[in-house]
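Engineer: Supplied structure: entry-v6.cif, mmCIF, C-alpha atoms.
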```
data_query
loop_
_atom_site.label_atom_id
_atom_site.label_comp_id
_atom_site.auth_asym_id
_atom_site.auth_seq_id
_atom_site.Cartn_x
_atom_site.Cartn_y
_atom_site.Cartn_z
CA MET A 16 20.83 2.66 -7.26
CA SER A 17 23.57 4.69 -5.57
CA GLU A 18 21.65 7.93 -4.96
CA PRO A 19 21.70 9.00 -1.30
CA ILE A 20 18.67 8.31 0.88
CA ASP A 21 17.01 11.37 2.47
CA PHE A 22 16.11 11.28 6.17
CA TRP A 23 13.80 14.08 7.35
CA PHE A 24 13.20 14.57 11.05
CA ASP A 25 12.65 16.97 13.92
CA PHE A 26 15.04 16.80 16.88
CA SER A 27 12.05 16.48 19.23
CA SER A 28 10.52 13.51 17.37
CA PRO A 29 10.69 10.25 19.37
CA TYR A 30 10.31 8.04 16.32
CA GLY A 31 12.80 10.29 14.49
CA TYR A 32 15.26 9.45 17.27
CA LEU A 33 14.64 5.71 16.79
CA MET A 34 15.18 6.08 13.03
CA SER A 35 18.37 8.10 13.61
CA GLU A 36 19.85 5.18 15.54
CA ARG A 37 19.27 2.72 12.68
CA ILE A 38 19.10 4.35 9.25
CA ASP A 39 22.82 4.92 8.55
CA ASP A 40 23.83 1.33 9.32
CA LEU A 41 20.89 -0.06 7.36
CA ALA A 42 21.69 2.12 4.33
CA ALA A 43 25.40 1.26 4.54
CA ARG A 44 24.59 -2.48 4.27
CA PHE A 45 23.30 -1.68 0.79
CA GLY A 46 26.08 0.73 -0.14
CA ARG A 47 23.89 3.80 0.31
CA LYS A 48 24.62 7.08 2.05
CA VAL A 49 22.00 9.08 4.00
CA ARG A 50 21.43 12.83 3.85
CA TRP A 51 20.00 14.11 7.14
CA HIS A 52 17.50 16.99 7.11
CA PRO A 53 16.42 18.34 10.50
CA ILE A 54 13.23 20.39 10.10
CA LEU A 55 10.67 22.06 12.35
CA LEU A 56 7.60 19.90 12.88
CA GLY A 57 5.66 22.85 14.32
CA VAL A 58 5.65 24.49 10.89
CA VAL A 59 4.80 21.21 9.17
CA PHE A 60 1.93 20.54 11.60
CA LYS A 61 0.55 24.02 11.04
CA ALA A 62 0.63 23.53 7.27
CA THR A 63 -0.95 20.08 7.40
CA ALA A 64 -3.46 20.73 10.20
CA SER A 65 -1.82 18.18 12.51
CA ALA A 66 -0.45 18.19 16.08
CA PRO A 67 2.26 16.56 18.21
CA LEU A 68 1.37 13.09 19.53
CA THR A 69 1.08 14.23 23.11
CA LEU A 70 -1.25 17.11 22.30
CA GLN A 71 -3.75 14.88 20.51
CA HIS A 72 -6.70 13.11 22.14
CA PRO A 73 -5.72 11.72 25.59
CA ALA A 74 -6.21 8.08 24.52
CA LYS A 75 -3.93 8.62 21.52
CA ALA A 76 -1.34 10.54 23.55
CA ALA A 77 -1.21 7.85 26.25
CA TYR A 78 -0.81 5.14 23.64
CA ALA A 79 1.91 7.10 21.81
CA LEU A 80 4.07 7.48 24.93
CA ARG A 81 3.76 3.79 25.76
CA ASP A 82 4.32 2.75 22.16
CA PHE A 83 7.44 4.91 21.83
CA GLU A 84 9.06 3.28 24.86
CA ARG A 85 8.02 -0.20 23.73
CA SER A 86 9.29 0.48 20.19
CA ALA A 87 12.64 1.63 21.61
CA ARG A 88 12.93 -1.61 23.61
CA PHE A 89 11.88 -3.59 20.52
CA LEU A 90 14.71 -2.00 18.50
CA GLY A 91 17.18 -2.14 21.38
CA VAL A 92 17.60 1.63 21.48
CA PRO A 93 18.07 3.24 24.94
CA CYS A 94 15.41 5.81 25.76
CA ARG A 95 13.78 7.72 28.56
CA ARG A 96 10.68 9.89 28.46
CA PRO A 97 11.79 13.58 28.34
CA THR A 98 10.47 15.87 31.07
CA ARG A 99 9.89 18.65 28.57
CA PHE A 100 8.08 17.42 25.46
CA PRO A 101 7.47 18.60 22.81
CA LEU A 102 9.97 21.44 22.66
CA PRO A 103 11.25 23.88 20.02
CA THR A 104 14.26 22.68 18.06
CA GLN A 105 15.31 25.55 15.82
CA ASN A 106 18.59 26.06 17.70
CA ALA A 107 19.56 22.40 17.33
CA ALA A 108 18.55 22.35 13.65
CA ARG A 109 20.41 25.59 12.86
CA ALA A 110 23.52 24.29 14.65
CA TYR A 111 23.29 21.12 12.55
CA TYR A 112 23.22 23.03 9.25
CA TRP A 113 26.06 25.33 10.26
CA LEU A 114 28.22 22.38 11.28
CA HIS A 115 27.25 20.54 8.11
CA GLY A 116 28.61 23.41 6.02
CA GLN A 117 32.01 22.79 7.59
CA ASP A 118 32.24 19.08 8.33
CA CYS A 119 29.52 16.54 7.44
CA ALA A 120 30.82 13.87 9.83
CA LEU A 121 30.94 16.32 12.72
CA ALA A 122 27.36 17.41 11.97
CA ARG A 123 26.28 13.75 12.10
CA ARG A 124 27.99 13.27 15.48
CA PHE A 125 26.30 16.44 16.71
CA ALA A 126 22.89 15.16 15.56
CA HIS A 127 23.33 11.85 17.41
CA ALA A 128 24.56 13.64 20.53
CA THR A 129 21.60 16.05 20.43
CA TYR A 130 19.01 13.30 20.02
CA ARG A 131 20.60 11.29 22.85
CA ALA A 132 20.79 14.38 25.05
CA LEU A 133 17.00 14.66 24.78
CA PHE A 134 15.89 11.02 24.74
CA VAL A 135 18.53 9.41 26.97
CA ASP A 136 19.83 12.18 29.27
CA ASP A 137 16.61 14.25 29.45
CA ARG A 138 18.33 17.54 28.58
CA ASP A 139 16.33 20.55 27.40
CA ILE A 140 17.77 20.81 23.89
CA SER A 141 15.63 23.85 23.13
CA ALA A 142 18.05 25.95 25.21
CA PRO A 143 20.89 27.55 23.20
CA ALA A 144 23.27 26.88 26.11
CA VAL A 145 22.57 23.13 25.92
CA VAL A 146 23.06 23.07 22.15
CA LEU A 147 26.35 24.97 22.54
CA GLU A 148 27.50 22.59 25.26
CA ILE A 149 26.73 19.51 23.13
CA ALA A 150 28.72 21.02 20.25
CA ALA A 151 31.58 22.17 22.48
CA ASN A 152 31.92 18.60 23.78
CA LEU A 153 32.58 17.60 20.17
CA GLY A 154 35.33 20.21 19.85
CA VAL A 155 33.27 22.94 18.21
CA ASP A 156 34.16 26.58 18.90
CA ARG A 157 31.32 27.72 21.14
CA GLU A 158 31.51 31.41 20.26
CA ARG A 159 31.56 30.88 16.52
CA LEU A 160 28.55 28.57 16.78
CA GLU A 161 26.71 31.01 19.05
CA ALA A 162 27.17 33.76 16.45
CA ALA A 163 26.17 31.39 13.61
CA LEU A 164 22.86 30.52 15.33
CA GLN A 165 21.84 34.17 14.87
CA SER A 166 23.09 34.55 11.30
CA PRO A 167 20.52 35.20 8.57
CA GLU A 168 22.23 32.61 6.33
CA ILE A 169 21.64 29.79 8.80
CA LYS A 170 18.08 30.90 9.58
CA ASP A 171 17.39 30.97 5.84
CA ARG A 172 18.95 27.53 5.36
CA LEU A 173 16.62 25.98 7.92
CA LYS A 174 13.62 27.82 6.45
CA GLU A 175 14.55 26.50 3.01
CA GLU A 176 14.73 22.92 4.31
CA VAL A 177 11.31 23.25 5.95
CA ASP A 178 9.88 24.70 2.73
CA ASN A 179 11.36 21.78 0.79
CA ALA A 180 9.82 19.34 3.26
CA LEU A 181 6.38 20.83 2.71
CA ARG A 182 6.91 20.93 -1.06
CA ILE A 183 7.59 17.19 -1.23
CA GLY A 184 4.57 16.34 0.94
CA LEU A 185 6.00 15.68 4.39
CA PHE A 186 3.49 15.66 7.21
CA GLY A 187 5.43 14.24 10.18
CA SER A 188 8.73 12.84 11.44
CA PRO A 189 10.57 10.72 10.48
CA HIS A 190 10.24 10.50 6.72
CA VAL A 191 12.77 8.50 4.73
CA ILE A 192 12.81 8.95 0.95
CA ILE A 193 14.48 6.31 -1.21
CA ASP A 194 14.56 6.94 -4.96
CA GLY A 195 11.34 8.97 -4.68
CA GLU A 196 9.51 6.46 -2.45
CA ALA A 197 8.43 7.87 0.94
CA PHE A 198 8.42 5.87 4.17
CA PHE A 199 6.87 7.49 7.23
CA GLY A 200 7.68 6.29 10.74
CA ALA A 201 10.35 4.19 12.42
CA ASP A 202 7.98 1.22 12.04
CA ARG A 203 8.69 1.26 8.30
CA LEU A 204 12.29 0.06 8.87
CA PRO A 205 11.44 -3.49 7.69
CA GLN A 206 9.88 -2.11 4.49
CA ILE A 207 12.89 0.18 3.97
CA GLU A 208 15.17 -2.82 4.34
CA ARG A 209 13.24 -4.84 1.78
CA TRP A 210 13.10 -1.83 -0.59
CA LEU A 211 16.89 -1.45 -0.44
CA GLU A 212 17.33 -5.20 -0.89
CA THR A 213 15.01 -5.54 -3.88
CA GLY A 214 15.00 -2.09 -5.45
CA GLY A 215 11.27 -1.78 -4.84
CA PHE A 216 8.41 -4.26 -4.29
CA MET B 131 -0.85 -16.80 29.23
CA SER B 132 -3.81 -18.53 27.62
CA GLU B 133 -6.27 -15.64 27.67
CA PRO B 134 -7.69 -14.84 24.22
CA ILE B 135 -6.28 -11.89 22.30
CA ASP B 136 -8.76 -9.13 21.35
CA PHE B 137 -8.77 -7.78 17.79
CA TRP B 138 -10.75 -4.56 17.29
CA PHE B 139 -11.40 -3.30 13.78
CA ASP B 140 -13.77 -1.60 11.37
CA PHE B 141 -14.71 -3.47 8.18
CA SER B 142 -13.67 -0.41 6.13
CA SER B 143 -10.19 -0.18 7.70
CA PRO B 144 -7.40 -1.06 5.22
CA TYR B 145 -4.87 -1.85 7.95
CA GLY B 146 -7.61 -3.74 9.80
CA TYR B 147 -7.92 -5.92 6.70
CA LEU B 148 -4.16 -6.58 6.69
CA MET B 149 -4.28 -7.51 10.37
CA SER B 150 -7.30 -9.79 9.78
CA GLU B 151 -5.25 -11.83 7.30
CA ARG B 152 -2.45 -12.47 9.79
CA ILE B 153 -3.56 -12.29 13.43
CA ASP B 154 -5.27 -15.71 13.81
CA ASP B 155 -2.31 -17.66 12.43
CA LEU B 156 0.18 -15.65 14.46
CA ALA B 157 -1.82 -16.16 17.67
CA ALA B 158 -2.26 -19.87 16.95
CA ARG B 159 1.54 -20.33 16.75
CA PHE B 160 1.59 -19.37 20.43
CA GLY B 161 -1.49 -21.37 21.41
CA ARG B 162 -3.70 -18.28 21.64
CA LYS B 163 -7.20 -17.67 20.32
CA VAL B 164 -8.42 -14.33 18.99
CA ARG B 165 -11.75 -12.62 19.74
CA TRP B 166 -12.82 -10.40 16.84
CA HIS B 167 -14.68 -7.15 17.56
CA PRO B 168 -15.95 -5.21 14.54
CA ILE B 169 -16.77 -1.65 15.56
CA LEU B 170 -17.73 1.63 13.87
CA LEU B 171 -14.75 3.90 13.36
CA GLY B 172 -17.02 6.85 12.56
CA VAL B 173 -18.21 6.87 16.18
CA VAL B 174 -14.67 6.40 17.49
CA PHE B 175 -13.34 9.22 15.29
CA LYS B 176 -16.10 11.54 16.49
CA ALA B 177 -15.28 10.75 20.13
CA THR B 178 -11.52 11.17 19.66
CA ALA B 179 -11.59 14.15 17.25
CA SER B 180 -9.99 12.14 14.45
CA ALA B 181 -10.82 11.39 10.80
CA PRO B 182 -10.41 8.66 8.17
CA LEU B 183 -6.99 8.58 6.46
CA THR B 184 -8.34 9.73 3.13
CA LEU B 185 -10.19 12.70 4.60
CA GLN B 186 -7.08 14.09 6.30
CA HIS B 187 -4.61 16.55 4.75
CA PRO B 188 -3.99 15.71 1.04
CA ALA B 189 -0.31 14.86 1.61
CA LYS B 190 -1.26 12.44 4.40
CA ALA B 191 -4.12 10.92 2.41
CA ALA B 192 -1.93 10.37 -0.65
CA TYR B 193 0.76 8.73 1.49
CA ALA B 194 -1.78 6.53 3.28
CA LEU B 195 -3.17 5.09 0.05
CA ARG B 196 0.31 4.35 -1.27
CA ASP B 197 1.46 2.96 2.07
CA PHE B 198 -1.56 0.66 2.36
CA GLU B 199 -0.88 -0.92 -1.02
CA ARG B 200 2.84 -1.21 -0.32
CA SER B 201 2.17 -2.70 3.14
CA ALA B 202 -0.17 -5.27 1.55
CA ARG B 203 2.56 -6.27 -0.92
CA PHE B 204 5.08 -6.36 1.94
CA LEU B 205 2.87 -8.81 3.85
CA GLY B 206 1.87 -10.76 0.73
CA VAL B 207 -1.83 -9.94 1.17
CA PRO B 208 -3.83 -9.36 -2.04
CA CYS B 209 -5.45 -5.94 -2.21
CA ARG B 210 -7.00 -3.39 -4.50
CA ARG B 211 -8.01 0.19 -3.76
CA PRO B 212 -11.82 0.26 -3.23
CA THR B 213 -13.84 2.61 -5.44
CA ARG B 214 -15.98 3.67 -2.50
CA PHE B 215 -13.92 4.53 0.58
CA PRO B 216 -14.53 5.08 3.40
CA LEU B 217 -18.00 3.59 3.70
CA PRO B 218 -20.44 2.78 6.53
CA THR B 219 -20.09 -0.72 7.96
CA GLN B 220 -22.90 -1.11 10.47
CA ASN B 221 -24.66 -3.77 8.35
CA ALA B 222 -21.51 -5.88 8.08
CA ALA B 223 -20.75 -5.50 11.80
CA ARG B 224 -24.31 -6.35 12.85
CA ALA B 225 -24.32 -9.40 10.58
CA TYR B 226 -21.04 -10.50 12.21
CA TYR B 227 -22.46 -10.31 15.74
CA TRP B 228 -25.67 -12.10 14.79
CA LEU B 229 -23.71 -14.92 13.12
CA HIS B 230 -21.32 -15.05 16.07
CA GLY B 231 -24.25 -15.72 18.39
CA GLN B 232 -24.96 -18.87 16.41
CA ASP B 233 -21.63 -20.14 15.10
CA CYS B 234 -18.26 -18.51 15.88
CA ALA B 235 -16.43 -20.22 13.03
CA LEU B 236 -19.07 -19.14 10.53
CA ALA B 237 -18.83 -15.55 11.80
CA ARG B 238 -15.05 -15.66 11.25
CA ARG B 239 -15.52 -16.92 7.68
CA PHE B 240 -18.06 -14.15 7.10
CA ALA B 241 -15.63 -11.53 8.42
CA HIS B 242 -12.86 -12.71 6.07
CA ALA B 243 -15.28 -12.85 3.12
CA THR B 244 -16.53 -9.33 3.90
CA TYR B 245 -13.06 -7.81 4.17
CA ARG B 246 -12.00 -9.53 0.92
CA ALA B 247 -15.19 -8.40 -0.82
CA LEU B 248 -14.18 -4.80 -0.11
CA PHE B 249 -10.39 -4.91 -0.48
CA VAL B 250 -10.00 -7.57 -3.19
CA ASP B 251 -13.26 -7.58 -5.19
CA ASP B 252 -14.15 -3.89 -4.72
CA ARG B 253 -17.72 -4.61 -3.58
CA ASP B 254 -19.77 -1.96 -1.75
CA ILE B 255 -20.11 -3.74 1.59
CA SER B 256 -22.19 -0.89 3.01
CA ALA B 257 -25.16 -2.20 1.00
CA PRO B 258 -27.38 -4.65 2.91
CA ALA B 259 -27.86 -6.67 -0.30
CA VAL B 260 -24.09 -7.22 -0.59
CA VAL B 261 -23.79 -8.25 3.07
CA LEU B 262 -26.69 -10.69 2.62
CA GLU B 263 -25.13 -12.12 -0.54
CA ILE B 264 -21.77 -12.66 1.20
CA ALA B 265 -23.54 -14.46 4.05
CA ALA B 266 -25.79 -16.47 1.72
CA ASN B 267 -22.68 -17.71 -0.12
CA LEU B 268 -21.59 -19.19 3.21
CA GLY B 269 -24.91 -21.00 3.62
CA VAL B 270 -26.62 -18.44 5.85
CA ASP B 271 -30.42 -18.04 5.60
CA ARG B 272 -30.75 -14.67 3.87
CA GLU B 273 -34.21 -13.84 5.25
CA ARG B 274 -33.35 -14.61 8.84
CA LEU B 275 -30.22 -12.48 8.58
CA GLU B 276 -32.13 -9.64 6.90
CA ALA B 277 -34.57 -9.58 9.81
CA ALA B 278 -31.74 -9.82 12.36
CA LEU B 279 -30.02 -6.73 10.90
CA GLN B 280 -33.04 -4.70 11.97
CA SER B 281 -33.44 -6.27 15.42
CA PRO B 282 -32.90 -4.07 18.48
CA GLU B 283 -30.81 -6.82 20.11
CA ILE B 284 -28.22 -6.78 17.33
CA LYS B 285 -28.19 -2.99 17.11
CA ASP B 286 -27.63 -2.85 20.87
CA ARG B 287 -24.89 -5.47 20.68
CA LEU B 288 -22.91 -3.39 18.18
CA LYS B 289 -23.50 -0.22 20.19
CA GLU B 290 -22.20 -1.99 23.29
CA GLU B 291 -19.04 -3.10 21.48
CA VAL B 292 -18.40 0.45 20.26
CA ASP B 293 -18.95 1.77 23.80
CA ASN B 294 -16.49 -0.81 25.12
CA ALA B 295 -13.95 0.23 22.50
CA LEU B 296 -14.16 3.85 23.62
CA ARG B 297 -14.02 2.84 27.27
CA ILE B 298 -10.73 0.99 26.82
CA GLY B 299 -9.17 3.88 24.90
CA LEU B 300 -9.37 2.82 21.26
CA PHE B 301 -8.81 5.61 18.74
CA GLY B 302 -8.43 3.77 15.42
CA SER B 303 -8.34 0.42 13.61
CA PRO B 304 -6.85 -2.11 14.05
CA HIS B 305 -6.15 -2.42 17.76
CA VAL B 306 -4.90 -5.72 19.15
CA ILE B 307 -4.94 -6.17 22.93
CA ILE B 308 -2.78 -8.89 24.50
CA ASP B 309 -3.01 -9.31 28.26
CA GLY B 310 -3.88 -5.63 28.63
CA GLU B 311 -1.15 -4.37 26.26
CA ALA B 312 -2.48 -2.40 23.25
CA PHE B 313 -0.94 -2.56 19.78
CA PHE B 314 -2.26 -0.12 17.17
CA GLY B 315 -1.78 -0.76 13.46
CA ALA B 316 -0.85 -3.66 11.20
CA ASP B 317 2.74 -2.43 11.40
CA ARG B 318 2.87 -3.64 15.00
CA LEU B 319 2.74 -7.31 13.88
CA PRO B 320 6.49 -7.80 14.61
CA GLN B 321 6.05 -6.38 18.13
CA ILE B 322 2.95 -8.55 18.66
CA GLU B 323 4.97 -11.60 17.62
CA ARG B 324 7.78 -10.80 20.05
CA TRP B 325 5.25 -10.05 22.83
CA LEU B 326 3.62 -13.46 22.34
CA GLU B 327 7.02 -15.13 22.18
CA THR B 328 8.44 -13.51 25.31
CA GLY B 329 5.36 -12.64 27.38
CA GLY B 330 6.26 -8.95 27.19
CA PHE B 331 9.44 -6.98 26.59
#
```
Represent the structure of the file as structure tokens.

Structural biologist:
Amino acid sequence: MSEPIDFWFDFSSPYGYLMSERIDDLAARFGRKVRWHPILLGVVFKATASAPLTLQHPAKAAYALRDFERSARFLGVPCRRPTRFPLPTQNAARAYYWLHGQDCALARRFAHATYRALFVDDRDISAPAVVLEIAANLGVDRERLEAALQSPEIKDRLKEEVDNALRIGLFGSPHVIIDGEAFFGADRLPQIERWLETGGF
Amino acid sequence: MSEPIDFWFDFSSPYGYLMSERIDDLAARFGRKVRWHPILLGVVFKATASAPLTLQHPAKAAYALRDFERSARFLGVPCRRPTRFPLPTQNAARAYYWLHGQDCALARRFAHATYRALFVDDRDISAPAVVLEIAANLGVDRERLEAALQSPEIKDRLKEEVDNALRIGLFGSPHVIIDGEAFFGADRLPQIERWLETGGF
């Protein structure tokens, strides 16, 4: 029962942001670690014939925006509707994997800072300059990161993670996988808690 | 704060079934009544360019089936995967509205019996004979109901409810509306509870 939990998300996913603010603490209560996997929802949506919440039918899109803000209040997570949404997140995801190769804890701090930049401070995290600034604020060497974002190794690493996501049947964000059991959506937090508590139900 | 809550659902909706087993008791704890509105998801899906869970991408469909059964266990609601799914529910919905015109409490018992026939006893509730049998077991005159299912008044009543559902922006089942606030999905039960408790958050 000590295998790490896997947390799959896109940096532009509102419910992924909510999950990111809760999953580590929840897992820690049961002695579990969490592996974070930023991916690109655009690729996943193309493969699974889906679309971002706000580009679906107007009634669904309107509900989703309202529900996201209500769900954030319900969980006590600060949030604000981003001006630009959805937006591409390959720079943020590549930065995450490069940082992770050097310092897991730093990568985790970068992930939190990136999510909060988008969903609290309304920053355009698709811009390389914004990603570099977020990292620099955490003490990262801006020039080394800027070079890394263009490196084939890091591009391949992200591609590999997205391929893995599709291979294991992901179709949205967030997905949390515990001992092979998949939970989709921040609204599955209560089920995740009971699963960790009981070892499955 | 004493306005009734509205509960919109399709008799073939798994998460609608889960909601149906919890919403009345939850509302009653806060002194609220619930108005039930069976509708036809097929019409709603056509209008909102959506599809039943099991006819979506295979990864999504597989997850949905597993998640439904896990969510039922999580809530302590008995369930079994129906052999025939999805299935048309206009006979069940029409029977509900006809019964409701005569005896609200009887209509509620019929709705519970119909949902359980599908999701516990694996009956084909699309068949008029099954709907009539469920009603007859509750003391309803089978011949009067059989005639009513074909009456223009009852057909119009259901059509009107479906039109209303589209008008207020429904896109799936279940939807619960409390004082104008929409909650989609059985997984919103905790938010519904807090909303009733606090009058909004």

Engineer: Pull out every residue that the PyMOL selection byres ((chain B and resi 249-256) around 9) matches in the shown coordinates and put them as an mmCIF file with C-alpha atoms, keeping the file's coordinate frame.

Structural biologist:
```cif
data_model
loop_
_atom_site.group_PDB
_atom_site.id
_atom_site.type_symbol
_atom_site.label_atom_id
_atom_site.label_comp_id
_atom_site.auth_asym_id
_atom_site.auth_seq_id
_atom_site.Cartn_x
_atom_site.Cartn_y
_atom_site.Cartn_z
ATOM 1 C CA PHE B 141 -14.710 -3.470 8.180
ATOM 2 C CA SER B 142 -13.670 -0.410 6.130
ATOM 3 C CA PRO B 144 -7.400 -1.060 5.220
ATOM 4 C CA TYR B 147 -7.920 -5.920 6.700
ATOM 5 C CA PRO B 208 -3.830 -9.360 -2.040
ATOM 6 C CA CYS B 209 -5.450 -5.940 -2.210
ATOM 7 C CA ARG B 210 -7.000 -3.390 -4.500
ATOM 8 C CA ARG B 211 -8.010 0.190 -3.760
ATOM 9 C CA PRO B 212 -11.820 0.260 -3.230
ATOM 10 C CA THR B 213 -13.840 2.610 -5.440
ATOM 11 C CA ARG B 214 -15.980 3.670 -2.500
ATOM 12 C CA LEU B 217 -18.000 3.590 3.700
ATOM 13 C CA PRO B 218 -20.440 2.780 6.530
ATOM 14 C CA THR B 219 -20.090 -0.720 7.960
ATOM 15 C CA GLN B 220 -22.900 -1.110 10.470
ATOM 16 C CA ASN B 221 -24.660 -3.770 8.350
ATOM 17 C CA ALA B 222 -21.510 -5.880 8.080
ATOM 18 C CA THR B 244 -16.530 -9.330 3.900
ATOM 19 C CA TYR B 245 -13.060 -7.810 4.170
ATOM 20 C CA ARG B 246 -12.000 -9.530 0.920
ATOM 21 C CA ALA B 247 -15.190 -8.400 -0.820
ATOM 22 C CA LEU B 248 -14.180 -4.800 -0.110
ATOM 23 C CA ALA B 257 -25.160 -2.200 1.000
ATOM 24 C CA PRO B 258 -27.380 -4.650 2.910
ATOM 25 C CA ALA B 259 -27.860 -6.670 -0.300
ATOM 26 C CA VAL B 260 -24.090 -7.220 -0.590
ATOM 27 C CA VAL B 261 -23.790 -8.250 3.070
#
```

Engineer: When the PyMOL selection byres ((chain A) within 10 of (chain B)) is applied to the file above, which residues end up in the set, as a ChimeraX atom specification?

Structural biologist: /A:62-65,71-75,77-79,81-82,85-86,88-90,181-187,196-199,202-203,205-206,209-210,215-216

Engineer: For the atom pair CA of Val59 (chain A) and CA of Ser28 (chain A), what is the interatomic distance in Å to one decimal place?

Structural biologist: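 Computing the Euclidean distance for CA of Val59 (chain A) and CA of Ser28 (chain A) yields 12.6 Å.
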
Engineer: Might you spell out which residues the PyMOL selection byres ((chain B and resi 281-291) around 9) would select in the displayed file, as a PyMOL selection string?

Structural biologist: chain B and resi 167-170+220+223-225+227-228+277-280+292-296

Engineer: What does the distance from CA of Phe137 (chain B) to CA of Leu195 (chain B) come to in Å, to one decimal?

Structural biologist: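 Pair CA of Phe137 (chain B) / CA of Leu195 (chain B) returns 22.6 Å.
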
Engineer: So how many Å separate CA of Asn152 (chain A) and CA of Asp39 (chain A), to one decimal?

Structural biologist: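 Taking CA of Asn152 (chain A) as the start and CA of Asp39 (chain A) as the end point, the length is 22.4 Å.
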
Engineer: Could you pull the residues within 6 Å of Arg47 (chain A), counting only C-alpha atoms, minus those fewer than 5 positions along the same chain, as number ranges by chain?

Structural biologist: A: 17, 19, 42

Engineer: Please enclose the listed atoms of region 27-35 of chain A in an axis-aligned box, pad each side by 3 Å, and write out the centre and the three edge lengths in Å, rounded to one decimal, as lines of an AutoDock Vina configuration file.

Structural biologist:
```
center_x = 14.3
center_y = 11.1
center_z = 16.2
size_x = 14.1
size_y = 16.8
size_z = 12.3
```

Engineer: A:Thr69, A:Ser35, A:Thr213, A:Gln117: which is nearest Val191 (chain A), counting only C-alpha atoms?

Structural biologist: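 Using only C-alpha atoms, the shortest distance to Val191 (chain A) belongs to A:Ser35.
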
Engineer: With all atoms listed in the file as the atoms that count, which of B:Val207, B:Leu326, B:Leu236, B:Val270 lies nearest to Leu148 (chain B)?

Structural biologist: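 Ranking B:Val207, B:Leu326, B:Leu236, B:Val270 by distance to Leu148 (chain B), first place goes to B:Val207.
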
Engineer: (24.4, 8.3, 2.0) in this file's frame - what residues fall within 12 Å of it? Use only C-alpha atoms and give the answer as a list of chain:residue names.

Structural biologist: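 These residues have at least one counted atom within 12 Å: A:Met16, A:Ser17, A:Glu18, A:Pro19, A:Ile20, A:Asp21, A:Phe22, A:Ile38, A:Asp39, A:Asp40, A:Leu41, A:Ala42, A:Ala43, A:Arg44, A:Phe45, A:Gly46, A:Arg47, A:Lys48, A:Val49, A:Arg50, A:Trp51, A:Cys119, A:Ala120, A:Arg123, A:Val191, A:Ile192, A:Ile193.
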
Engineer: Complete the atoms of region 187-199 of chain A to N, CA and C atoms and put them out as a PDB file, in the frame of the given file.

Structural biologist:
```pdb
ATOM      1  N   GLY A 187       5.043  14.691   8.836  1.00  0.00           N
ATOM      2  CA  GLY A 187       5.430  14.240  10.180  1.00  0.00           C
ATOM      3  C   GLY A 187       6.897  13.855  10.187  1.00  0.00           C
ATOM      4  N   SER A 188       7.336  13.245  11.284  1.00  0.00           N
ATOM      5  CA  SER A 188       8.730  12.840  11.440  1.00  0.00           C
ATOM      6  C   SER A 188       8.783  11.457  12.085  1.00  0.00           C
ATOM      7  N   PRO A 189       9.635  10.554  11.588  1.00  0.00           N
ATOM      8  CA  PRO A 189      10.570  10.720  10.480  1.00  0.00           C
ATOM      9  C   PRO A 189       9.971  10.315   9.136  1.00  0.00           C
ATOM     10  N   HIS A 190      10.486  10.945   8.090  1.00  0.00           N
ATOM     11  CA  HIS A 190      10.240  10.500   6.720  1.00  0.00           C
ATOM     12  C   HIS A 190      11.573  10.078   6.124  1.00  0.00           C
ATOM     13  N   VAL A 191      11.582   8.947   5.458  1.00  0.00           N
ATOM     14  CA  VAL A 191      12.770   8.500   4.730  1.00  0.00           C
ATOM     15  C   VAL A 191      12.370   8.372   3.263  1.00  0.00           C
ATOM     16  N   ILE A 192      13.136   9.001   2.384  1.00  0.00           N
ATOM     17  CA  ILE A 192      12.810   8.950   0.950  1.00  0.00           C
ATOM     18  C   ILE A 192      13.914   8.209   0.211  1.00  0.00           C
ATOM     19  N   ILE A 193      13.523   7.133  -0.451  1.00  0.00           N
ATOM     20  CA  ILE A 193      14.480   6.310  -1.210  1.00  0.00           C
ATOM     21  C   ILE A 193      14.061   6.310  -2.669  1.00  0.00           C
ATOM     22  N   ASP A 194      14.868   6.911  -3.525  1.00  0.00           N
ATOM     23  CA  ASP A 194      14.560   6.940  -4.960  1.00  0.00           C
ATOM     24  C   ASP A 194      13.110   7.382  -5.191  1.00  0.00           C
ATOM     25  N   GLY A 195      12.685   8.420  -4.479  1.00  0.00           N
ATOM     26  CA  GLY A 195      11.340   8.970  -4.680  1.00  0.00           C
ATOM     27  C   GLY A 195      10.244   8.297  -3.874  1.00  0.00           C
ATOM     28  N   GLU A 196      10.527   7.160  -3.242  1.00  0.00           N
ATOM     29  CA  GLU A 196       9.510   6.460  -2.450  1.00  0.00           C
ATOM     30  C   GLU A 196       9.597   6.909  -0.994  1.00  0.00           C
ATOM     31  N   ALA A 197       8.443   7.337  -0.424  1.00  0.00           N
ATOM     32  CA  ALA A 197       8.430   7.870   0.940  1.00  0.00           C
ATOM     33  C   ALA A 197       8.020   6.805   1.947  1.00  0.00           C
ATOM     34  N   PHE A 198       8.739   6.766   3.049  1.00  0.00           N
ATOM     35  CA  PHE A 198       8.420   5.870   4.170  1.00  0.00           C
ATOM     36  C   PHE A 198       8.285   6.726   5.417  1.00  0.00           C
ATOM     37  N   PHE A 199       7.125   6.678   6.045  1.00  0.00           N
ATOM     38  CA  PHE A 199       6.870   7.490   7.230  1.00  0.00           C
ATOM     39  C   PHE A 199       6.868   6.624   8.482  1.00  0.00           C
TER      40      PHE A 199
END
```
